[in-house]
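Notes to accompany the following structure.
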Amino acid sequence: MQRYKKRYCFSTAEYYFTQRLCELTYYGTLDSYRVRLNNPKTTIEELCQVLLDWHSKKIKDFKTVESVINELKKLLKNESELSFLKTSKNSFLKILNDCNKEEYIQLLYSSRTILTENESYSTILFEKLGNEIKRLNSITPFGLEEYDTTERLLGYLISELCSWGYSKSFLFHLARSLFSKPSTHTFDNSLKMFSKVVENKSPETFSVFLKAKFSNIELELLRKRIPELLSPEIIDEYKSTAPKEFLSFYSESSKEYPDIFHIKVESLDYYDAVKLARARVSEILDIVKLGYTERSLKIFKTALLISNNDPTKIEKQRIFYQIDGRVETSPEIYDRFLIKFLSIRENQLIAHETKEKIKSAIRYFRLGTESIEIEQKFINYWIGIEYLFSNYYVSSSTFHRFKNYFTKIHSLTYFKRNLIEFHNELLQGDVISQLPTFKSLTDINYLLEPATFDFIRNNYKETEPLLSYRANTFYEILTNDKSFKIYILNHIDNLEGHLIRIYRIRNEIVHEAAIKPNIENLTANLRYYLIFAITSLLDFFYNPPNELNINGRISIDDYFNFKSLDFENFKNNKDNQKSLFDNEYSENIIY
C-alpha cells in the first residue's frame, strides 16, 4: 500500500476512498488487494460468452460454465446495483440454479436482457459511491465495518472501467491527479470530474510511432508491402513539419533504430494505444518471418503517440506490456534462492524427476519473463506450471492436479502472506514505532497478537483509515475461528474459479491460436502462481521431513500429499491461526 497525503479538505471517509482507489489501480499492489477481474455485470458478460462457447462446442466440460454460474450467484447475493426489469432477481437466480448442459438457452437470453437493462451501470455505481461517502460523513463516529459498502462499490466500478478498455495505469494516474495531489477541489468535485472523464470519453485515434531495425532485409521491397513502414522521404517530412517531440524521438538512437512504423489505433488512453500498436507490429512481424526466416526485427523501447483529435497532446510511452505485480530483486534474495537450489540439486534423497521439474519450471519462468508478446508470456508461465504438476502415471489431468493441489498449498500460506504485507505497510509509516506489541524488525510474531490490530483500529481511524480497516479484518479472523475458516475457504473458492477461467483462456490460445489482447491480468496471476510454486518447493525440499522418505527418495508428489494432509488438518481442527502462521513461508518476493 503506497502512502498518499490526505487533502486538507477531505473527510476521513473521503481519504479512505482515495487510498483504496489508488491501491486498486496500482500495478505493484499485492494481488490480494488489487481490483478483481469481474464485477456482477462483467460476470454476466463472461457467462454469455461461455454459454455461447458451450453451444458451439468450443467448451467440452460443462463444469467450466458451472464455475462462472457459481461465481455469479455469490456476487448476486451481496449486490444491489444491477437493474432487473423484465426478469426479477429471484427469477434469474432460479434460472441460474436450473441451468444444465441440455437446458441453457433460457439463461443466455435472460442474461443478455439484463445486460441491455444495465447499460448505465457505471453511472449507478458513481451515484451510489457519492451517496455512500455522504452517508459516512453524516455519521460521527462510525465503525470500520461501515467501509464495507464503499469497498464493494469501488471494486465494482474499477472492474467495470477496465472492462471498457481503460488501462489501470491510466486510471491510477487519473486517481492520483484528482484525489491525491494538492488541490482546492472538494471530494464531491473530484468525484464528478472522475465520472465526467471516464464516462464521457470516446475512443481517440492515435498516431503511434515505433522505431525499429530490420536485419539484412531489402527495405524498399518491405516498404512497398508494409504501408505502416515509413519511407526516408516521409520521415524527413515529419522531421521538418512535425512537432519538436518527433525530432527528439527520432534522434534517440536513430542510427541503431533507423526505421519507423506509423500505426493508427483507436483507444481510450495512451497506455492502451501503445499495446494495440505493438500488437499490430507483431502481426506484421509474423508475416515478415514467413518470407525472411533468418532475419530479425528489433524495436526501440519507447513509442511516440500523437492524438489525432488534438495534435498538441503528445506522449512518450514504453512499448512493453506492464503486467500487474512486481518481483523483489536483491543480492540477498538471490543468494537465499541459489543456496536452496544448489542444496536440492546435490541432495541424493530427492528424486531426479523432482529436480528436473523444478529446473524446467525455472527455465520457463525466465522464458516467460523475457518474452515480448503477452501470449508467449502467458504460455511459458503455463508450461512451467504444467511441468511442476504433471504426472503421467496417474489418471487425473494435469490441470485437475494443479487446481486441486495448488489451491490447498496456497490457502495454507494466504493468511501469513497477507500479514507479511501488513507488516511491510506498517514499516512505511510511524505506526509500528507506537505499537506496544512490536519488539524488533526480525520478530514478526507480534502479528499473531490481537492486541496489535486492536491498538491500530482504535488509534488510527482518522489518520490511517485503510490500514485501520484492514487491522479490523485481521482482528476479527484472529479472535473468531469461524471468521478465519470463512476467510480461507472463500479464498479457495475464488482461486478455483479463477484457475478454471485461466485454463479456458489457455485452451483458446493453444487450440484456436487466439490473440487475447486483454490478458495482462491473467498473465500476472500465472507469473505469480509459478514463482510461488517454485519458491514453495525450494523452501520445502531444502529441509524435507524425514517421514516422507519411504522408498529412499522424496518426490514432488510426496510434497503435494504432505501439503494436502496439512490442509485436512486445518479443515478439521480449530484455532489454526498460529499453525498457518508458523509454516515455512517467509517473505513476499512477488506481488
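Identifiers in this document derive from the order of the C-alpha cells: chains are assigned A, B, ..., residues are numbered from 1 separately in each chain, and ligands are numbered from 1 in order of occurrence.
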For this session: Report the residues of segment 222-291 of chain A whose backbone DSSP state falls under helix (DSSP H, G or I), written as a PyMOL selection string.
Result: chain A and resi 222-225+232-241+244-251+270-291
For this session: Write out as a PyMOL selection string which residues come within 12 Å of segment 237-248 of chain A when counting only C-alpha atoms, dropping same-chain ones fewer than 5 positions away.
Result: chain A and resi 207-211+230-232+253-254+260+262+303-306+311-316
Exercise. Using only C-alpha atoms, which residues sit within 9 Å of Ile374 of chain A once same-chain residues fewer than 2 positions away are excluded, as a list in words?
Worked result: Tyr321, Gly368, Ser371, Ile372, Gln376, Lys377, Phe378, Ile379, Lys516, Pro517, Ile519, Glu520 and Thr523 of chain A
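Among the candidates A:Ile350, A:Tyr271, A:His498, A:Arg345, the residue lying nearest to Ile550 of chain A is A:Ile350 (atoms considered: only C-alpha atoms).
Comparing A:Glu328, A:Asp310, A:Glu103, A:Asp53 by their smallest distance to Gly28 of chain A, the closest is A:Glu328 (using only C-alpha atoms).
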Report as an mmCIF file with N, CA, C and O atoms, in the first residue's frame all protein, DNA and RNA residues lying within 10 Å of segment 458-464 of chain A, evaluated on only C-alpha atoms, omitting residues in the same chain fewer than 4 positions from it.
data_model
loop_
_atom_site.group_PDB
_atom_site.id
_atom_site.type_symbol
_atom_site.label_atom_id
_atom_site.label_comp_id
_atom_site.auth_asym_id
_atom_site.auth_seq_id
_atom_site.Cartn_x
_atom_site.Cartn_y
_atom_site.Cartn_z
ATOM 1 N N ARG A 3 1.742 5.263 0.214
ATOM 2 C CA ARG A 3 1.286 6.330 1.095
ATOM 3 C C ARG A 3 0.848 7.540 0.268
ATOM 4 O O ARG A 3 1.538 7.947 -0.660
ATOM 5 N N LYS A 5 -0.841 11.546 0.814
ATOM 6 C CA LYS A 5 -1.207 12.572 1.788
ATOM 7 C C LYS A 5 -2.692 12.884 1.680
ATOM 8 O O LYS A 5 -3.257 12.927 0.591
ATOM 9 N N LYS A 6 -3.286 13.115 2.829
ATOM 10 C CA LYS A 6 -4.701 13.464 2.873
ATOM 11 C C LYS A 6 -4.878 14.924 2.476
ATOM 12 O O LYS A 6 -4.222 15.805 3.018
ATOM 13 N N SER A 11 -12.642 14.521 4.250
ATOM 14 C CA SER A 11 -13.007 13.834 5.490
ATOM 15 C C SER A 11 -12.253 12.503 5.568
ATOM 16 O O SER A 11 -11.582 12.091 4.614
ATOM 17 N N THR A 12 -12.396 11.817 6.691
ATOM 18 C CA THR A 12 -11.742 10.515 6.841
ATOM 19 C C THR A 12 -12.284 9.517 5.830
ATOM 20 O O THR A 12 -11.521 8.745 5.227
ATOM 21 N N ALA A 13 -13.592 9.502 5.621
ATOM 22 C CA ALA A 13 -14.192 8.577 4.648
ATOM 23 C C ALA A 13 -13.698 8.875 3.239
ATOM 24 O O ALA A 13 -13.445 7.962 2.441
ATOM 25 N N TYR A 15 -10.831 10.239 2.508
ATOM 26 C CA TYR A 15 -9.425 9.814 2.469
ATOM 27 C C TYR A 15 -9.331 8.303 2.281
ATOM 28 O O TYR A 15 -8.490 7.814 1.517
ATOM 29 N N TYR A 16 -10.216 7.545 2.939
ATOM 30 C CA TYR A 16 -10.255 6.088 2.726
ATOM 31 C C TYR A 16 -10.518 5.777 1.255
ATOM 32 O O TYR A 16 -9.840 4.937 0.654
ATOM 33 N N GLN A 19 -7.303 6.409 -0.759
ATOM 34 C CA GLN A 19 -6.296 5.369 -0.548
ATOM 35 C C GLN A 19 -6.658 4.088 -1.289
ATOM 36 O O GLN A 19 -5.819 3.475 -1.945
ATOM 37 N N PRO A 141 -19.288 9.036 15.660
ATOM 38 C CA PRO A 141 -18.310 8.320 14.821
ATOM 39 C C PRO A 141 -18.988 7.130 14.147
ATOM 40 O O PRO A 141 -20.160 6.872 14.383
ATOM 41 N N PHE A 142 -18.242 6.390 13.320
ATOM 42 C CA PHE A 142 -18.795 5.171 12.721
ATOM 43 C C PHE A 142 -17.762 4.048 12.808
ATOM 44 O O PHE A 142 -16.556 4.290 12.864
ATOM 45 N N GLY A 143 -18.274 2.813 12.847
ATOM 46 C CA GLY A 143 -17.389 1.650 12.942
ATOM 47 C C GLY A 143 -16.681 1.379 11.628
ATOM 48 O O GLY A 143 -17.174 1.733 10.546
ATOM 49 N N LEU A 144 -15.516 0.753 11.694
ATOM 50 C CA LEU A 144 -14.721 0.481 10.493
ATOM 51 C C LEU A 144 -15.440 -0.431 9.505
ATOM 52 O O LEU A 144 -15.190 -0.369 8.303
ATOM 53 N N GLY A 429 5.380 3.720 7.654
ATOM 54 C CA GLY A 429 4.979 4.894 8.432
ATOM 55 C C GLY A 429 5.497 4.832 9.852
ATOM 56 O O GLY A 429 6.412 4.068 10.168
ATOM 57 N N VAL A 431 3.481 4.154 12.484
ATOM 58 C CA VAL A 431 2.559 3.386 13.329
ATOM 59 C C VAL A 431 3.311 2.318 14.113
ATOM 60 O O VAL A 431 3.089 2.125 15.311
ATOM 61 N N PHE A 453 -3.702 -5.415 16.409
ATOM 62 C CA PHE A 453 -4.714 -4.884 15.496
ATOM 63 C C PHE A 453 -5.767 -4.071 16.246
ATOM 64 O O PHE A 453 -6.322 -3.120 15.695
ATOM 65 N N ASP A 454 -6.010 -4.448 17.481
ATOM 66 C CA ASP A 454 -6.937 -3.673 18.304
ATOM 67 C C ASP A 454 -6.385 -2.261 18.538
ATOM 68 O O ASP A 454 -7.128 -1.276 18.481
ATOM 69 N N SER A 468 -6.436 0.909 9.205
ATOM 70 C CA SER A 468 -7.317 0.565 10.328
ATOM 71 C C SER A 468 -8.401 -0.418 9.895
ATOM 72 O O SER A 468 -8.753 -1.341 10.637
ATOM 73 N N TYR A 469 -8.937 -0.210 8.701
ATOM 74 C CA TYR A 469 -9.953 -1.123 8.160
ATOM 75 C C TYR A 469 -9.393 -2.533 8.025
ATOM 76 O O TYR A 469 -10.033 -3.524 8.380
ATOM 77 N N ALA A 471 -6.771 -3.691 9.681
ATOM 78 C CA ALA A 471 -6.493 -4.169 11.041
ATOM 79 C C ALA A 471 -7.760 -4.739 11.667
ATOM 80 O O ALA A 471 -7.719 -5.749 12.385
ATOM 81 N N ASN A 472 -8.886 -4.107 11.388
ATOM 82 C CA ASN A 472 -10.168 -4.593 11.913
ATOM 83 C C ASN A 472 -10.484 -5.987 11.380
ATOM 84 O O ASN A 472 -10.972 -6.857 12.116
#
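Candidate residues A:Asp259, A:Asp148, A:Glu160, A:Asp269 were compared for distance to Glu45 of chain A, and the nearest is A:Glu160, using only C-alpha atoms.
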Problem set entry | Å distance separating atom CA of Tyr381 of chain A from atom CA of Phe402 of chain A, one decimal place | 13.3 Å
Problem set entry | Residues near segment 189-204 of chain A, cut-off 8 Å, only C-alpha atoms, skip fewer than 5 positions along chain, as a PyMOL selection string | chain A and resi 122-123+126+130+161+174-175+178-179+266-269+307-309
Residues from last step as file, N, CA and C atoms, as a PDB file, in the first residue's frame:
ATOM      1  N   SER A 122     -22.320   1.954 -14.722  1.00  0.00           N
ATOM      2  CA  SER A 122     -21.245   2.765 -14.133  1.00  0.00           C
ATOM      3  C   SER A 122     -21.808   4.034 -13.491  1.00  0.00           C
ATOM      4  N   THR A 123     -22.821   4.630 -14.127  1.00  0.00           N
ATOM      5  CA  THR A 123     -23.440   5.838 -13.578  1.00  0.00           C
ATOM      6  C   THR A 123     -24.076   5.545 -12.222  1.00  0.00           C
ATOM      7  N   PHE A 126     -21.299   5.239  -9.647  1.00  0.00           N
ATOM      8  CA  PHE A 126     -20.804   6.560  -9.240  1.00  0.00           C
ATOM      9  C   PHE A 126     -21.781   7.235  -8.281  1.00  0.00           C
ATOM     10  N   GLY A 130     -21.037   8.154  -4.332  1.00  0.00           N
ATOM     11  CA  GLY A 130     -21.161   9.503  -3.804  1.00  0.00           C
ATOM     12  C   GLY A 130     -22.109   9.569  -2.621  1.00  0.00           C
ATOM     13  N   LEU A 161     -14.682  -0.186 -15.411  1.00  0.00           N
ATOM     14  CA  LEU A 161     -13.908   0.700 -16.283  1.00  0.00           C
ATOM     15  C   LEU A 161     -12.814  -0.059 -17.025  1.00  0.00           C
ATOM     16  N   LEU A 174      -4.942   9.046 -13.181  1.00  0.00           N
ATOM     17  CA  LEU A 174      -6.110   9.929 -13.079  1.00  0.00           C
ATOM     18  C   LEU A 174      -6.553  10.046 -11.620  1.00  0.00           C
ATOM     19  N   ALA A 175      -6.567   8.919 -10.908  1.00  0.00           N
ATOM     20  CA  ALA A 175      -6.967   8.919  -9.488  1.00  0.00           C
ATOM     21  C   ALA A 175      -6.026   9.790  -8.664  1.00  0.00           C
ATOM     22  N   LEU A 178      -6.670  13.555  -9.439  1.00  0.00           N
ATOM     23  CA  LEU A 178      -7.934  14.128  -8.995  1.00  0.00           C
ATOM     24  C   LEU A 178      -8.138  14.070  -7.482  1.00  0.00           C
ATOM     25  N   PHE A 179      -7.546  13.071  -6.815  1.00  0.00           N
ATOM     26  CA  PHE A 179      -7.860  12.871  -5.406  1.00  0.00           C
ATOM     27  C   PHE A 179      -6.662  13.021  -4.457  1.00  0.00           C
ATOM     28  N   GLU A 266      -7.379   3.139 -32.425  1.00  0.00           N
ATOM     29  CA  GLU A 266      -8.408   3.794 -31.624  1.00  0.00           C
ATOM     30  C   GLU A 266      -8.359   3.232 -30.215  1.00  0.00           C
ATOM     31  N   SER A 267      -8.298   4.127 -29.235  1.00  0.00           N
ATOM     32  CA  SER A 267      -8.173   3.661 -27.849  1.00  0.00           C
ATOM     33  C   SER A 267      -8.696   4.737 -26.901  1.00  0.00           C
ATOM     34  N   LEU A 268      -8.969   4.313 -25.658  1.00  0.00           N
ATOM     35  CA  LEU A 268      -9.439   5.245 -24.640  1.00  0.00           C
ATOM     36  C   LEU A 268      -8.298   6.004 -23.967  1.00  0.00           C
ATOM     37  N   ASP A 269      -7.076   5.442 -24.016  1.00  0.00           N
ATOM     38  CA  ASP A 269      -5.962   6.134 -23.365  1.00  0.00           C
ATOM     39  C   ASP A 269      -4.639   5.761 -24.021  1.00  0.00           C
ATOM     40  N   SER A 307      -2.181  12.427 -30.463  1.00  0.00           N
ATOM     41  CA  SER A 307      -3.632  12.313 -30.598  1.00  0.00           C
ATOM     42  C   SER A 307      -4.078  13.012 -31.875  1.00  0.00           C
ATOM     43  N   ASN A 308      -4.807  12.298 -32.724  1.00  0.00           N
ATOM     44  CA  ASN A 308      -5.318  12.909 -33.952  1.00  0.00           C
ATOM     45  C   ASN A 308      -6.437  13.893 -33.647  1.00  0.00           C
ATOM     46  N   ASN A 309      -7.124  13.701 -32.514  1.00  0.00           N
ATOM     47  CA  ASN A 309      -8.177  14.639 -32.099  1.00  0.00           C
ATOM     48  C   ASN A 309      -7.586  15.968 -31.657  1.00  0.00           C
TER      49      ASN A 309
END
Exercise. Do you know which residues are at most 12 Å from segment 221-227 of chain A counting only C-alpha atoms, after dropping those on the same chain fewer than 5 positions away, and could you put them as number ranges by chain?
Worked result: A: 214, 216, 232-234, 259-264, 280-281, 283-285, 287-289, 291-292
Include N, CA and C atoms and write out the residues we just selected as a PDB file, in the first residue's frame.
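Written out: selection-v5.pdb:
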ATOM      1  N   PHE A 214      15.388  -3.562 -39.052  1.00  0.00           N
ATOM      2  CA  PHE A 214      15.379  -4.875 -39.698  1.00  0.00           C
ATOM      3  C   PHE A 214      16.817  -5.267 -40.010  1.00  0.00           C
ATOM      4  N   ASN A 216      19.333  -7.056 -42.452  1.00  0.00           N
ATOM      5  CA  ASN A 216      19.621  -7.645 -43.766  1.00  0.00           C
ATOM      6  C   ASN A 216      18.366  -7.989 -44.565  1.00  0.00           C
ATOM      7  N   PRO A 232      12.123   6.982 -46.091  1.00  0.00           N
ATOM      8  CA  PRO A 232      13.018   8.050 -45.608  1.00  0.00           C
ATOM      9  C   PRO A 232      12.488   9.442 -45.952  1.00  0.00           C
ATOM     10  N   GLU A 233      11.811   9.577 -47.105  1.00  0.00           N
ATOM     11  CA  GLU A 233      11.288  10.875 -47.511  1.00  0.00           C
ATOM     12  C   GLU A 233      10.200  11.358 -46.546  1.00  0.00           C
ATOM     13  N   ILE A 234       9.318  10.433 -46.153  1.00  0.00           N
ATOM     14  CA  ILE A 234       8.235  10.814 -45.238  1.00  0.00           C
ATOM     15  C   ILE A 234       8.801  11.103 -43.848  1.00  0.00           C
ATOM     16  N   ASP A 259      14.419   2.849 -38.786  1.00  0.00           N
ATOM     17  CA  ASP A 259      13.130   2.757 -39.463  1.00  0.00           C
ATOM     18  C   ASP A 259      11.983   3.065 -38.499  1.00  0.00           C
ATOM     19  N   ILE A 260      10.899   3.551 -39.062  1.00  0.00           N
ATOM     20  CA  ILE A 260       9.774   3.955 -38.218  1.00  0.00           C
ATOM     21  C   ILE A 260       8.462   3.366 -38.734  1.00  0.00           C
ATOM     22  N   PHE A 261       7.730   2.748 -37.825  1.00  0.00           N
ATOM     23  CA  PHE A 261       6.357   2.324 -38.092  1.00  0.00           C
ATOM     24  C   PHE A 261       5.412   3.451 -37.677  1.00  0.00           C
ATOM     25  N   HIS A 262       4.404   3.669 -38.499  1.00  0.00           N
ATOM     26  CA  HIS A 262       3.343   4.617 -38.134  1.00  0.00           C
ATOM     27  C   HIS A 262       2.038   3.818 -38.087  1.00  0.00           C
ATOM     28  N   ILE A 263       1.529   3.601 -36.874  1.00  0.00           N
ATOM     29  CA  ILE A 263       0.334   2.788 -36.680  1.00  0.00           C
ATOM     30  C   ILE A 263      -0.784   3.677 -36.145  1.00  0.00           C
ATOM     31  N   LYS A 264      -1.946   3.619 -36.776  1.00  0.00           N
ATOM     32  CA  LYS A 264      -3.106   4.355 -36.272  1.00  0.00           C
ATOM     33  C   LYS A 264      -4.018   3.390 -35.520  1.00  0.00           C
ATOM     34  N   ARG A 280      -0.219  -4.788 -33.430  1.00  0.00           N
ATOM     35  CA  ARG A 280      -0.246  -4.671 -34.898  1.00  0.00           C
ATOM     36  C   ARG A 280       1.139  -4.925 -35.486  1.00  0.00           C
ATOM     37  N   VAL A 281       2.175  -4.389 -34.852  1.00  0.00           N
ATOM     38  CA  VAL A 281       3.540  -4.637 -35.333  1.00  0.00           C
ATOM     39  C   VAL A 281       3.880  -6.123 -35.218  1.00  0.00           C
ATOM     40  N   GLU A 283       1.830  -8.590 -35.624  1.00  0.00           N
ATOM     41  CA  GLU A 283       1.213  -9.250 -36.780  1.00  0.00           C
ATOM     42  C   GLU A 283       2.075  -9.071 -38.027  1.00  0.00           C
ATOM     43  N   ILE A 284       2.588  -7.847 -38.214  1.00  0.00           N
ATOM     44  CA  ILE A 284       3.463  -7.578 -39.362  1.00  0.00           C
ATOM     45  C   ILE A 284       4.708  -8.453 -39.284  1.00  0.00           C
ATOM     46  N   LEU A 285       5.286  -8.540 -38.091  1.00  0.00           N
ATOM     47  CA  LEU A 285       6.487  -9.351 -37.903  1.00  0.00           C
ATOM     48  C   LEU A 285       6.212 -10.820 -38.221  1.00  0.00           C
ATOM     49  N   ILE A 287       4.205 -12.032 -40.449  1.00  0.00           N
ATOM     50  CA  ILE A 287       4.199 -12.194 -41.908  1.00  0.00           C
ATOM     51  C   ILE A 287       5.614 -12.087 -42.463  1.00  0.00           C
ATOM     52  N   VAL A 288       6.371 -11.108 -41.949  1.00  0.00           N
ATOM     53  CA  VAL A 288       7.757 -10.920 -42.422  1.00  0.00           C
ATOM     54  C   VAL A 288       8.566 -12.188 -42.194  1.00  0.00           C
ATOM     55  N   LYS A 289       8.356 -12.829 -41.037  1.00  0.00           N
ATOM     56  CA  LYS A 289       9.130 -14.028 -40.696  1.00  0.00           C
ATOM     57  C   LYS A 289       8.866 -15.177 -41.664  1.00  0.00           C
ATOM     58  N   GLY A 291       8.617 -14.967 -44.883  1.00  0.00           N
ATOM     59  CA  GLY A 291       9.466 -14.823 -46.066  1.00  0.00           C
ATOM     60  C   GLY A 291      10.933 -14.624 -45.739  1.00  0.00           C
ATOM     61  N   TYR A 292      11.217 -14.175 -44.506  1.00  0.00           N
ATOM     62  CA  TYR A 292      12.591 -13.899 -44.100  1.00  0.00           C
ATOM     63  C   TYR A 292      12.858 -14.586 -42.776  1.00  0.00           C
TER      64      TYR A 292
END
Exercise. Pick from A:Ile488, A:Ile339, A:Val274, A:Ile556: nearest to Lys571 of chain A, with only C-alpha atoms counted?
Worked result: A:Ile488
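Taking atom CA of His400 of chain A and atom CA of Thr535 of chain A as endpoints, the distance between them is 21.3 Å.
Coordinates place atom CA of Asn70 of chain A at a distance of 24.8 Å from atom CA of Ile477 of chain A.
Each of A:Leu412, A:Ile554, A:Ile69, A:Cys9 was checked against Thr186 of chain A using only C-alpha atoms; the smallest atom-to-atom distance is that of A:Cys9.
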